[in-house]
$ cat entry18.tsv   # TSV, C-alpha atoms
chain	number	residue	atom	x	y	z
A	1	MET	CA	117.39	-75.96	-16.42
A	2	THR	CA	117.78	-79.09	-14.30
A	3	THR	CA	121.39	-80.04	-13.56
A	4	LEU	CA	122.47	-83.39	-12.16
A	5	ARG	CA	125.77	-83.95	-10.34
A	6	THR	CA	127.35	-86.72	-8.32
A	7	PRO	CA	126.35	-87.09	-5.58
A	8	GLY	CA	122.84	-86.15	-6.64
A	9	PRO	CA	120.03	-84.71	-4.54
A	10	THR	CA	118.83	-86.54	-1.45
A	11	ILE	CA	115.17	-87.12	-0.61
A	12	GLY	CA	114.31	-87.77	3.04
A	13	VAL	CA	111.27	-90.04	3.35
A	14	VAL	CA	109.25	-90.42	6.54
A	15	GLY	CA	108.32	-94.08	6.37
A	16	GLY	CA	110.31	-97.05	5.14
A	17	GLY	CA	107.71	-99.62	4.16
A	18	GLN	CA	107.12	-101.01	0.69
A	19	LEU	CA	106.31	-97.56	-0.70
A	20	GLY	CA	109.63	-96.21	0.55
A	21	ARG	CA	111.37	-99.25	-0.91
A	22	MET	CA	109.86	-98.70	-4.36
A	23	LEU	CA	110.58	-94.96	-4.16
A	24	ALA	CA	114.24	-95.72	-3.55
A	25	GLU	CA	114.27	-98.22	-6.42
A	26	ALA	CA	112.87	-95.55	-8.75
A	27	ALA	CA	115.18	-92.81	-7.49
A	28	ALA	CA	118.47	-94.66	-7.98
A	29	PRO	CA	118.55	-94.61	-11.83
A	30	LEU	CA	117.97	-90.84	-11.70
A	31	GLY	CA	121.03	-90.36	-9.48
A	32	VAL	CA	118.83	-89.45	-6.51
A	33	GLU	CA	119.62	-90.80	-3.05
A	34	VAL	CA	116.93	-91.72	-0.52
A	35	ILE	CA	117.19	-91.78	3.27
A	36	VAL	CA	114.22	-93.20	5.16
A	37	LEU	CA	113.00	-92.77	8.72
A	38	ASP	CA	111.14	-95.73	10.17
A	39	PRO	CA	110.78	-97.23	13.67
A	40	THR	CA	111.34	-100.80	12.45
A	41	PRO	CA	115.04	-101.71	12.22
A	42	ASP	CA	115.98	-103.09	8.81
A	43	CYS	CA	112.65	-101.93	7.38
A	44	PRO	CA	111.63	-102.95	3.81
A	45	ALA	CA	113.20	-99.80	2.30
A	46	ALA	CA	116.51	-100.29	4.10
A	47	LEU	CA	117.82	-102.75	1.51
A	48	VAL	CA	117.69	-100.20	-1.32
A	49	ALA	CA	117.82	-96.80	0.43
A	50	SER	CA	121.13	-95.06	1.15
A	51	ASP	CA	120.45	-95.13	4.88
A	52	GLN	CA	117.77	-95.56	7.52
A	53	ILE	CA	117.17	-93.46	10.62
A	54	VAL	CA	115.48	-95.68	13.20
A	55	ALA	CA	112.91	-93.45	14.87
A	56	ALA	CA	109.15	-93.08	15.26
A	57	PHE	CA	107.21	-91.27	12.55
A	58	ASP	CA	106.63	-88.32	14.89
A	59	ASP	CA	110.09	-88.32	16.54
A	60	GLU	CA	111.27	-84.71	16.41
A	61	ALA	CA	114.98	-85.47	16.77
A	62	GLY	CA	114.82	-88.13	14.07
A	63	ILE	CA	112.92	-85.94	11.63
A	64	ARG	CA	115.34	-83.08	12.30
A	65	GLU	CA	118.28	-85.34	11.44
A	66	LEU	CA	116.46	-86.45	8.30
A	67	ALA	CA	115.86	-82.83	7.27
A	68	GLU	CA	119.48	-81.87	7.89
A	69	ARG	CA	120.70	-84.72	5.66
A	70	ALA	CA	118.19	-84.21	2.84
A	71	ASP	CA	117.46	-81.62	0.19
A	72	ILE	CA	113.72	-82.22	0.46
A	73	LEU	CA	111.37	-84.16	2.71
A	74	THR	CA	108.39	-86.29	1.74
A	75	PHE	CA	106.44	-89.14	3.35
A	76	GLU	CA	105.06	-92.53	2.38
A	77	ILE	CA	102.72	-92.90	5.34
A	78	GLU	CA	100.12	-90.53	6.74
A	79	LEU	CA	101.30	-91.18	10.31
A	80	ALA	CA	103.95	-88.52	9.74
A	81	ASP	CA	103.33	-85.62	12.13
A	82	GLN	CA	102.44	-82.52	10.14
A	83	ASN	CA	103.19	-80.09	12.97
A	84	VAL	CA	106.66	-81.51	13.60
A	85	MET	CA	107.48	-81.56	9.89
A	86	ASP	CA	106.22	-78.01	9.41
A	87	ARG	CA	108.27	-76.69	12.31
A	88	ILE	CA	111.45	-78.51	11.32
A	89	SER	CA	111.07	-77.45	7.70
A	90	GLU	CA	110.83	-73.84	8.84
A	91	GLU	CA	113.87	-74.14	11.10
A	92	THR	CA	116.12	-76.09	8.71
A	93	GLY	CA	114.98	-74.63	5.42
A	94	THR	CA	114.32	-78.12	4.00
A	95	PRO	CA	111.07	-78.06	1.98
A	96	VAL	CA	108.33	-80.67	2.51
A	97	HIS	CA	106.20	-81.98	-0.39
A	98	PRO	CA	103.31	-82.54	-0.29
A	99	LYS	CA	102.94	-79.71	2.20
A	100	PRO	CA	102.25	-80.42	5.89
A	101	SER	CA	98.97	-78.52	5.47
A	102	THR	CA	97.85	-81.28	3.10
A	103	LEU	CA	98.68	-83.87	5.75
A	104	GLU	CA	96.57	-81.90	8.22
A	105	THR	CA	93.61	-82.07	5.85
A	106	ILE	CA	94.09	-85.76	5.10
A	107	HIS	CA	94.58	-86.88	8.72
A	108	ASP	CA	90.96	-86.20	9.64
A	109	LYS	CA	88.50	-87.77	7.20
A	110	LEU	CA	85.73	-85.43	8.31
A	111	VAL	CA	87.88	-82.35	7.66
A	112	GLN	CA	88.93	-83.89	4.34
A	113	LYS	CA	85.34	-84.44	3.22
A	114	ARG	CA	84.22	-80.97	4.31
A	115	GLU	CA	87.02	-79.20	2.44
A	116	LEU	CA	86.42	-81.23	-0.70
A	117	GLU	CA	82.66	-80.71	-0.58
A	118	ASP	CA	83.21	-76.97	-0.15
A	119	ALA	CA	85.42	-77.05	-3.26
A	120	GLY	CA	82.68	-78.68	-5.31
A	121	VAL	CA	84.18	-82.19	-5.39
A	122	PRO	CA	81.35	-84.78	-5.44
A	123	VAL	CA	81.31	-86.87	-2.24
A	124	PRO	CA	78.76	-89.25	-0.70
A	125	PRO	CA	76.44	-87.71	1.92
A	126	PHE	CA	78.21	-87.66	5.29
A	127	ARG	CA	77.97	-86.26	8.80
A	128	GLU	CA	79.87	-86.04	12.05
A	129	VAL	CA	79.17	-88.64	14.72
A	130	ASP	CA	79.16	-87.80	18.41
A	131	ASP	CA	77.05	-90.69	19.68
A	132	ALA	CA	75.07	-93.72	18.54
A	133	ASP	CA	71.96	-91.61	17.99
A	134	ASP	CA	73.80	-89.74	15.22
A	135	ILE	CA	74.30	-93.07	13.43
A	136	ARG	CA	70.63	-93.95	13.86
A	137	GLU	CA	69.59	-90.57	12.45
A	138	ALA	CA	71.91	-91.15	9.49
A	139	ILE	CA	70.17	-94.48	8.83
A	140	ASP	CA	66.84	-92.65	8.87
A	141	ASP	CA	68.14	-90.13	6.32
A	142	TYR	CA	70.40	-92.29	4.14
A	143	GLY	CA	68.91	-95.74	4.57
A	144	ALA	CA	70.71	-98.86	5.79
A	145	PRO	CA	73.46	-99.83	5.69
A	146	VAL	CA	75.71	-96.84	6.37
A	147	MET	CA	79.49	-96.77	6.61
A	148	LEU	CA	80.96	-95.69	9.94
A	149	LYS	CA	84.55	-94.45	9.67
A	150	ALA	CA	87.17	-93.52	12.23
A	151	ARG	CA	88.14	-89.95	11.50
A	152	THR	CA	91.82	-90.62	12.13
A	153	GLY	CA	94.19	-93.55	11.87
A	154	GLY	CA	92.23	-95.81	9.53
A	155	TYR	CA	94.32	-97.73	6.98
A	156	ASP	CA	93.62	-100.71	4.70
A	157	GLY	CA	90.01	-100.79	5.82
A	158	ARG	CA	90.79	-100.64	9.52
A	159	GLY	CA	88.45	-98.17	11.17
A	160	ASN	CA	85.69	-98.68	8.57
A	161	VAL	CA	82.61	-100.45	9.92
A	162	PRO	CA	79.40	-101.11	7.95
A	163	VAL	CA	76.34	-100.55	10.16
A	164	GLU	CA	73.47	-102.71	8.95
A	165	SER	CA	70.78	-101.52	11.37
A	166	LYS	CA	70.04	-99.08	14.19
A	167	ALA	CA	70.48	-101.92	16.67
A	168	ASP	CA	74.12	-102.21	15.63
A	169	ALA	CA	74.93	-98.52	16.08
A	170	ALA	CA	76.29	-98.59	19.64
A	171	ASP	CA	78.52	-101.63	19.08
A	172	ALA	CA	79.86	-100.19	15.82
A	173	LEU	CA	80.74	-96.90	17.49
A	174	GLU	CA	82.47	-98.72	20.34
A	175	SER	CA	84.55	-100.71	17.83
A	176	VAL	CA	85.80	-97.50	16.20
A	177	ALA	CA	86.90	-96.26	19.64
A	178	GLY	CA	87.40	-92.61	18.81
A	179	PRO	CA	86.11	-89.63	16.81
A	180	ALA	CA	83.97	-90.86	13.92
A	181	MET	CA	81.93	-89.88	10.91
A	182	VAL	CA	79.26	-91.70	8.95
A	183	GLU	CA	78.67	-91.86	5.21
A	184	SER	CA	75.83	-93.00	3.03
A	185	PHE	CA	76.54	-96.43	1.60
A	186	VAL	CA	77.26	-96.00	-2.12
A	187	ASP	CA	75.59	-98.35	-4.58
A	188	PHE	CA	78.61	-98.51	-6.86
A	189	GLU	CA	79.15	-100.25	-10.16
A	190	ARG	CA	82.88	-100.44	-9.49
A	191	GLU	CA	85.61	-98.84	-7.44
A	192	VAL	CA	88.17	-96.93	-9.50
A	193	SER	CA	91.19	-94.78	-8.82
A	194	VAL	CA	93.22	-92.09	-10.52
A	195	ILE	CA	96.87	-91.68	-9.62
A	196	ALA	CA	97.30	-87.96	-10.13
A	197	VAL	CA	100.56	-86.02	-9.94
A	198	LYS	CA	101.10	-82.40	-9.05
A	199	GLY	CA	104.42	-81.14	-10.36
A	200	ASP	CA	106.01	-77.74	-10.69
A	201	ASP	CA	103.29	-75.93	-12.69
A	202	GLU	CA	102.12	-79.16	-14.36
A	203	VAL	CA	99.64	-81.92	-13.58
A	204	THR	CA	99.50	-85.44	-14.99
A	205	THR	CA	97.13	-88.36	-14.47
A	206	PHE	CA	97.72	-92.06	-14.98
A	207	PRO	CA	95.19	-94.25	-16.81
A	208	LEU	CA	92.10	-95.08	-14.78
A	209	GLY	CA	92.41	-98.22	-12.67
A	210	GLU	CA	89.58	-100.48	-11.57
A	211	ASN	CA	89.99	-101.82	-8.04
A	212	VAL	CA	88.68	-104.98	-6.43
A	213	HIS	CA	88.44	-104.91	-2.64
A	214	GLU	CA	87.63	-107.67	-0.18
A	215	ASP	CA	87.16	-106.96	3.53
A	216	GLU	CA	88.07	-103.34	2.74
A	217	ILE	CA	91.56	-104.41	1.53
A	218	LEU	CA	92.67	-103.85	-2.04
A	219	ARG	CA	93.15	-107.19	-3.80
A	220	GLU	CA	93.46	-106.31	-7.51
A	221	THR	CA	93.80	-103.37	-9.88
A	222	ILE	CA	92.76	-103.70	-13.53
A	223	VAL	CA	93.94	-101.24	-16.19
A	224	PRO	CA	92.33	-99.90	-18.23
A	225	ALA	CA	89.24	-99.85	-16.04
A	226	ARG	CA	86.15	-101.40	-17.61
A	227	SER	CA	84.38	-98.04	-17.52
A	228	SER	CA	82.85	-96.00	-20.33
A	229	GLU	CA	84.81	-93.21	-21.95
A	230	ALA	CA	82.48	-90.62	-20.40
A	231	VAL	CA	82.92	-92.04	-16.89
A	232	THR	CA	86.68	-92.23	-17.37
A	233	GLU	CA	86.90	-88.58	-18.39
A	234	ARG	CA	84.72	-87.60	-15.44
A	235	ALA	CA	87.06	-89.47	-13.08
A	236	TYR	CA	90.04	-87.52	-14.46
A	237	ASP	CA	88.13	-84.25	-13.98
A	238	VAL	CA	87.35	-85.08	-10.35
A	239	ALA	CA	90.97	-86.08	-9.66
A	240	ARG	CA	92.19	-82.78	-11.09
A	241	ASP	CA	89.66	-80.89	-8.95
A	242	VAL	CA	91.01	-82.74	-5.91
A	243	LEU	CA	94.53	-81.55	-6.71
A	244	GLU	CA	93.28	-77.97	-6.60
A	245	VAL	CA	92.49	-78.51	-2.91
A	246	MET	CA	95.79	-80.24	-2.10
A	247	ASP	CA	98.91	-78.18	-1.37
A	248	GLY	CA	102.34	-79.28	-2.54
A	249	ARG	CA	103.98	-81.38	-5.21
A	250	GLY	CA	103.79	-85.16	-5.39
A	251	VAL	CA	101.65	-88.16	-6.20
A	252	TYR	CA	98.08	-88.32	-4.92
A	253	GLY	CA	96.11	-91.56	-4.93
A	254	THR	CA	92.47	-90.65	-5.53
A	255	GLU	CA	89.97	-93.42	-4.74
A	256	LEU	CA	86.58	-93.05	-6.40
A	257	PHE	CA	83.21	-94.75	-6.68
A	258	GLU	CA	81.58	-95.20	-10.08
A	259	THR	CA	77.88	-95.40	-9.28
A	260	SER	CA	75.34	-97.55	-11.08
A	261	GLU	CA	74.09	-94.32	-12.68
A	262	GLY	CA	77.53	-93.57	-14.13
A	263	GLU	CA	78.41	-90.82	-11.66
A	264	ILE	CA	81.78	-90.40	-9.93
A	265	LEU	CA	82.01	-89.82	-6.17
A	266	LEU	CA	85.20	-89.34	-4.19
A	267	ASN	CA	85.96	-91.97	-1.56
A	268	GLU	CA	89.35	-91.06	-0.07
A	269	ILE	CA	92.69	-89.46	-0.92
A	270	ALA	CA	96.24	-90.57	-0.13
A	271	PRO	CA	98.87	-87.81	-0.58
A	272	ARG	CA	101.57	-90.30	-1.62
A	273	PRO	CA	102.09	-93.20	-4.02
A	274	HIS	CA	99.21	-95.62	-3.63
A	275	ASN	CA	98.72	-99.39	-3.73
A	276	SER	CA	96.36	-99.01	-6.69
A	277	GLY	CA	99.25	-97.47	-8.65
A	278	HIS	CA	101.79	-100.26	-8.23
A	279	TRP	CA	100.88	-101.57	-11.68
A	280	THR	CA	102.54	-98.48	-13.22
A	281	ILE	CA	106.02	-99.95	-12.64
A	282	GLU	CA	105.48	-102.31	-15.57
A	283	GLY	CA	102.38	-100.77	-17.14
A	284	THR	CA	103.32	-97.18	-18.01
A	285	GLN	CA	106.23	-95.23	-19.43
A	286	THR	CA	106.94	-93.67	-16.02
A	287	SER	CA	105.95	-95.31	-12.74
A	288	GLN	CA	104.09	-93.51	-9.96
A	289	PHE	CA	107.26	-93.80	-7.86
A	290	GLU	CA	109.50	-92.12	-10.41
A	291	GLN	CA	106.83	-89.45	-10.84
A	292	HIS	CA	106.83	-88.78	-7.10
A	293	VAL	CA	110.62	-88.41	-7.12
A	294	ARG	CA	110.44	-86.02	-10.07
A	295	ALA	CA	107.54	-84.07	-8.61
A	296	VAL	CA	108.91	-83.45	-5.11
A	297	LEU	CA	112.24	-82.33	-6.61
A	298	GLY	CA	110.45	-79.96	-8.99
A	299	TRP	CA	111.77	-81.82	-12.04
A	300	PRO	CA	109.74	-82.23	-15.27
A	301	LEU	CA	107.23	-85.06	-15.03
A	302	GLY	CA	107.46	-88.15	-17.22
A	303	SER	CA	104.99	-89.69	-19.64
A	304	THR	CA	102.09	-91.61	-18.12
A	305	ALA	CA	101.25	-93.37	-21.39
A	306	LEU	CA	100.00	-96.93	-21.03
A	307	ARG	CA	102.45	-99.53	-22.34
A	308	SER	CA	99.88	-102.32	-22.36
A	309	PRO	CA	96.79	-103.52	-20.48
A	310	THR	CA	97.93	-104.51	-16.99
A	311	VAL	CA	96.58	-106.27	-13.89
A	312	MET	CA	98.10	-106.12	-10.40
A	313	THR	CA	97.23	-108.51	-7.57
A	314	ASN	CA	98.37	-108.11	-3.98
A	315	LEU	CA	100.07	-110.97	-2.17
A	316	LEU	CA	98.41	-111.10	1.24
A	317	ALA	CA	99.76	-113.44	3.90
A	318	ASP	CA	97.35	-116.36	4.24
A	319	VAL	CA	98.59	-117.27	7.70
A	320	GLU	CA	96.58	-117.73	10.87
A	321	GLN	CA	99.13	-116.15	13.17
A	322	GLU	CA	102.26	-114.03	12.95
A	323	GLY	CA	105.45	-115.77	11.94
A	324	PRO	CA	108.56	-115.47	9.75
A	325	ALA	CA	107.81	-114.35	6.20
A	326	GLN	CA	108.12	-117.10	3.64
A	327	VAL	CA	106.30	-117.75	0.38
A	328	GLY	CA	106.59	-120.93	-1.64
A	329	ASP	CA	105.79	-122.04	-5.19
A	330	ILE	CA	107.04	-118.90	-6.95
A	331	ASN	CA	108.29	-120.77	-10.03
A	332	GLU	CA	105.09	-120.31	-11.99
A	333	VAL	CA	105.08	-116.52	-11.70
A	334	LEU	CA	108.80	-116.39	-12.55
A	335	GLU	CA	108.24	-118.52	-15.65
A	336	THR	CA	105.11	-116.72	-16.95
A	337	PRO	CA	105.73	-114.23	-19.81
A	338	GLY	CA	104.55	-110.74	-18.87
A	339	ALA	CA	104.44	-111.48	-15.12
A	340	ALA	CA	106.56	-109.61	-12.57
A	341	LEU	CA	106.99	-110.50	-8.88
A	342	HIS	CA	107.59	-107.79	-6.27
A	343	TRP	CA	108.56	-109.01	-2.77
A	344	TYR	CA	108.60	-106.28	-0.11
A	345	GLY	CA	111.19	-107.78	2.23
A	346	LYS	CA	109.04	-107.74	5.36
A	347	HIS	CA	110.43	-110.09	7.99
A	348	GLN	CA	107.13	-111.10	9.59
A	349	ALA	CA	103.96	-112.38	7.99
A	350	ARG	CA	100.68	-111.49	9.69
A	351	PRO	CA	97.15	-112.43	8.62
A	352	LEU	CA	96.25	-110.45	5.46
A	353	ARG	CA	99.43	-108.35	5.63
A	354	LYS	CA	100.60	-107.08	2.24
A	355	MET	CA	103.81	-108.96	1.54
A	356	GLY	CA	104.24	-108.21	-2.14
A	357	HIS	CA	102.42	-108.00	-5.43
A	358	VAL	CA	102.35	-109.55	-8.89
A	359	THR	CA	101.87	-107.58	-12.09
A	360	VAL	CA	100.76	-109.18	-15.35
A	361	THR	CA	101.06	-107.23	-18.61
A	362	ALA	CA	99.68	-108.17	-22.00
A	363	ASP	CA	101.98	-110.48	-23.94
A	364	GLY	CA	100.21	-109.90	-27.26
A	365	ASP	CA	97.49	-107.95	-29.01
A	366	ASP	CA	94.86	-110.54	-28.18
A	367	ASP	CA	95.21	-110.35	-24.37
A	368	SER	CA	92.15	-108.77	-22.74
A	369	VAL	CA	92.07	-107.43	-19.19
A	370	ASP	CA	89.77	-110.33	-18.31
A	371	ASP	CA	92.41	-112.80	-19.52
A	372	LEU	CA	95.11	-110.93	-17.57
A	373	LEU	CA	92.96	-110.94	-14.44
A	374	GLU	CA	92.46	-114.69	-14.70
A	375	THR	CA	96.21	-115.21	-15.10
A	376	ALA	CA	97.01	-112.94	-12.15
A	377	ARG	CA	94.55	-114.77	-9.93
A	378	ASP	CA	95.98	-118.15	-10.93
A	379	LEU	CA	99.53	-116.98	-10.18
A	380	GLU	CA	98.52	-115.55	-6.80
A	381	ALA	CA	96.66	-118.73	-5.87
A	382	ALA	CA	99.68	-120.87	-6.74
A	383	MET	CA	101.84	-119.21	-4.08
A	384	THR	CA	101.53	-120.31	-0.47
A	385	PHE	CA	102.69	-118.45	2.62
A	386	GLN	CA	104.20	-120.46	5.42
A	387	SER	CA	105.07	-119.40	8.96
$ encode --input "entry18.tsv" --output "structure tokens"
Amino acid sequence: MTTLRTPGPTIGVVGGGQLGRMLAEAAAPLGVEVIVLDPTPDCPAALVASDQIVAAFDDEAGIRELAERADILTFEIELADQNVMDRISEETGTPVHPKPSTLETIHDKLVQKRELEDAGVPVPPFREVDDADDIREAIDDYGAPVMLKARTGGYDGRGNVPVESKADAADALESVAGPAMVESFVDFEREVSVIAVKGDDEVTTFPLGENVHEDEILRETIVPARSSEAVTERAYDVARDVLEVMDGRGVYGTELFETSEGEILLNEIAPRPHNSGHWTIEGTQTSQFEQHVRAVLGWPLGSTALRSPTVMTNLLADVEQEGPAQVGDINEVLETPGAALHWYGKHQARPLRKMGHVTVTADGDDDSVDDLLETARDLEAAMTFQS
């Protein structure tokens, strides 16, 4: 039986960006306190979290303090150091979820793909890259283009380089500047994602989302995805198979390709709440952030039932250089029925930096996802960033 007292349990989160902010927002109504660790003073989560420890994501003293003040540790960014967290968890007795071993798998995309392939999860053809000749051989085997990926550190498309021809191989490898892998380029019908949740002896999945990327950055998520019922069920099956490989409770963002032949292939996994799940705040009975809070604490998971068709669009800073964060012309989104504005509280705007998002939910039975997508795009276009 779950008992709640005042003060309630405390979750220590490594990372205090927008994900940490929305975790703290979801935790508060449950009586759960959140302390974040982040190197940026007054980080986005600081406004709503109980406290912030200003320290690097791999700072041992900072993570130890976080563990000593929390009942459980989790993370909202993969830059958390799995070895430090594992050691401190052992020494302080503060559990970590998802487990540090999952972070170890996720940190290296090549290790990730090998473990998933060994478990029978469908993935695009891939191979390790030691030099430019390995890329050229991959082009011979897979055809051009191929996708070159940094094995570690890539985020929001950084570290992913399409290689159009053998002549581009050396320059592409130099741009990655570190250990790399190469994948066959997938001829996909659409990119989709399943936000899957591993609880205490239970698993839930959120409705399938359809994702629109530009320059490898997520721009929009459309729910329900415009996929067939068979493809949707296959995506859920693959996401559940992925969870069998992952160790520890929490939310896992599972990015997938739906091929032109109706197959599902795994792209990447994030062992945390994911940008493609932000729509759940307005779109489902329980958001991905509340589910993560429940899951890491070992509490019963909530319903993931869809409230209504929903579209989310990211607000990316359309500035040419870094400057103070400011967005104008927000009246239209504030006045539109079914629209919700989320501002992340970042102090600086940089080109294409995620500054917030807008969610649009159906305002009647006649609203289609195509209508919602058009509305979301109009609202996003009406806002202007200034620096």
$ closest_residue --input "entry18.tsv" --among "A:Thr74, A:Thr259, A:Ser165, A:Thr304" --to "A:Gly143" --atoms "only C-alpha atoms"
A:Ser165
$ axis_aligned_box --input "entry18.tsv" --around "stretch 192-204 of chain A" --padding-each-side "6 Å" --output "lines of an AutoDock Vina configuration file"
center_x = 97.1
center_y = -86.4
center_z = -11.9
size_x = 29.8
size_y = 33.0
size_z = 18.2
$ residues_around --input "entry18.tsv" --residues "A:Asp329" --least-positions-apart "3" --cutoff "10 Å" --atoms "only C-alpha atoms" --output "list in words"
Glu332, Val333, Leu334, Leu379, Glu380, Ala381, Ala382, Met383, Thr384 and Phe385 of chain A
$ residues_near_point --input "entry18.tsv" --point "(93.3, -79.8, 0.3)" --cutoff "8 Å" --atoms "all atoms listed in the file" --output "count of residues only"
13
$ atom_distance --input "entry18.tsv" --atom1 "atom CA of A:His213" --atom2 "atom CA of A:Val251"
21.6 Å
$ residues_around --input "entry18.tsv" --residues "stretch 347-361 of chain A" --least-positions-apart "3" --cutoff "7 Å" --atoms "only C-alpha atoms" --output "list in words"
Trp279, Gly283, Ser308, Pro309, Thr310, Val311, Met312, Thr313, Asn314, Leu315, Leu316, Ala317, Asp318, Val319, Glu320, Gln321, Glu322, Gly323, Pro324, Ala325, Gly338, Ala339, Ala340, Leu341, His342, Trp343, Tyr344, Leu372 and Ala376 of chain A
$ atom_distance --input "entry18.tsv" --atom1 "atom CA of A:Pro9" --atom2 "atom CA of A:Arg21"
17.3 Å
$ closest_residue --input "entry18.tsv" --among "A:Leu265, A:Leu4, A:Ala46, A:Ala61" --to "A:Arg190" --atoms "only C-alpha atoms"
A:Leu265
$ closest_residue --input "entry18.tsv" --among "A:Ala177, A:Val238, A:Ile269, A:Leu256" --to "A:His107" --atoms "only C-alpha atoms"
A:Ile269
